[in-house]
Amino acid sequence: MKVLNNDELQIAEGVLLKHFPESLKVYGFLHSMNKNKPSILEVVVDNWPDFKVIICRPDPKNKRALEFKKKVSYYSMDEQVLRKMLADENVIDWHTYFLIGGFDLSHAPILKEVSAKKNVNSRCCSLDHLMYLPDISCLVAPEVDSDLESRISSLDLSHTELVNKHWKFGGNQKSIMKIKNHISNFSSCCITDDHGQPVSWILEYDYGAIGMLFTLPEHRGKGYAKVLICSMARRLHVDRYPVYCFIEEDNALSYRIFKSLGFTEDPSYRAGWFEFNFGG
């Protein structure tokens, strides 16, 4: 195992670029780190420079890591190497709660096998489509009149409680910290009402994906979601981020919206989220 330094993170980003869409989440983390965005992660590989597995994990030297839910992300090109890395006590701390998010669902048996050998409980939290925009030219953007255009803005920290209230995974102190981090350091878009208050919004996660899309019930049916997705896609393209998102399998409405805007997916690929050591 090797912990990557700043120069090596730049090289690893270039390698992951060749493995889209499966590598998108880990690539997004590295891209943000290489653009000097705030991060609580460190990145480890099985071998350097010819790595087969790359893992983003909480940096034990970063005190801020305690403020957020403990999360791990990885990209693997070799299942045997992945199994060995996951089993290594120096790679992942299996003694506390953590979540592995956005992994290739075909790796679920490996995760269950390793966790069972360590007497750690596990459960699936979410199964998602990974939707991505191959190129900005693929974006099928709706027409926007001048009035609506004038009401497209960015979120600020005063909107944290509003986003937290309506986010599916919000409602607690750690989610507030997460939203504040996203608003302060990453892109966001919102549409405001006549009083300048957000009625629809979308944010960029720290791994570059777009999400937390929400429109207040009384403002739905006006096409706001499509307008915001396209606005964010253009912003991310300017910042040289890939444009992608994860959509839960039971969220048919969001799937149809992103599909209609030109987003696509690899039909053979599904992303999973697993929790470990929960309830203890």
# chains A, B, ... in the order shown; residues from 1 in each chain; ligands from 1
call {"tool": "select_by_dssp", "arguments": {"residues": "region 1-100 of chain A", "states": "strand (DSSP E)", "output": "ChimeraX atom specification"}}
result
/A:2-3,41-45,53-58,71-76,98-100
call {"tool": "residues_around", "arguments": {"residues": "Phe51 (chain A)", "least_positions_apart": "4", "cutoff": "9 Å", "atoms": "only C-alpha atoms", "output": "PyMOL selection string"}}
result
chain A and resi 12+45-47+77
call {"tool": "closest_residue", "arguments": {"among": "A:Ile247, A:Ala252, A:Ile136, A:Ile92", "to": "Glu265 (chain A)", "atoms": "only C-alpha atoms"}}
result
A:Ile247
call {"tool": "residues_around", "arguments": {"residues": "Leu9 (chain A)", "least_positions_apart": "6", "cutoff": "10 Å", "atoms": "only C-alpha atoms", "output": "ChimeraX atom specification"}}
result
/A:3,15,27,30-31,33-34,42-44
call {"tool": "residues_around", "arguments": {"residues": "region 253-259 of chain A", "least_positions_apart": "4", "cutoff": "12 Å", "atoms": "only C-alpha atoms", "output": "VMD selection string"}}
result
chain A and resid 128 to 133 138 to 142 210 to 214 223 to 230 233 243 to 249 263 to 265
call {"tool": "closest_residue", "arguments": {"among": "A:Leu261, A:Leu162, A:Ala271, A:Leu82", "to": "Ile176 (chain A)", "atoms": "only C-alpha atoms"}}
result
A:Leu162
call {"tool": "closest_residue", "arguments": {"among": "A:Leu86, A:Ala108, A:Met1, A:Leu41", "to": "Lys63 (chain A)", "atoms": "only C-alpha atoms"}}
result
A:Leu41
call {"tool": "atom_distance", "arguments": {"atom1": "CA of Ala65 (chain A)", "atom2": "CA of Phe29 (chain A)"}}
result
15.0 Å
call {"tool": "closest_residue", "arguments": {"among": "A:Phe274, A:Gly279, A:Glu143, A:His195", "to": "Leu111 (chain A)", "atoms": "only C-alpha atoms"}}
result
A:Phe274
call {"tool": "select_by_dssp", "arguments": {"residues": "region 13-188 of chain A", "states": "helix (DSSP H, G or I)", "output": "NGL selection string"}}
result
:A and (13-19 or 24-34 or 63-67 or 79-87 or 105-117 or 136-138 or 146-150 or 157-166 or 173-185)
call {"tool": "residues_around", "arguments": {"residues": "Phe186 (chain A)", "least_positions_apart": "6", "cutoff": "9 Å", "atoms": "only C-alpha atoms", "output": "ChimeraX atom specification"}}
result
/A:37,203-206,208
call {"tool": "closest_residue", "arguments": {"among": "A:Lys165, A:Val91, A:Arg83, A:Cys56", "to": "Lys112 (chain A)", "atoms": "only C-alpha atoms"}}
result
A:Arg83
call {"tool": "closest_residue", "arguments": {"among": "A:Glu13, A:Leu99, A:Lys168, A:Ile110", "to": "Cys124 (chain A)", "atoms": "only C-alpha atoms"}}
result
A:Leu99
call {"tool": "atom_distance", "arguments": {"atom1": "CA of Glu89 (chain A)", "atom2": "CA of Ala116 (chain A)"}}
result
14.4 Å
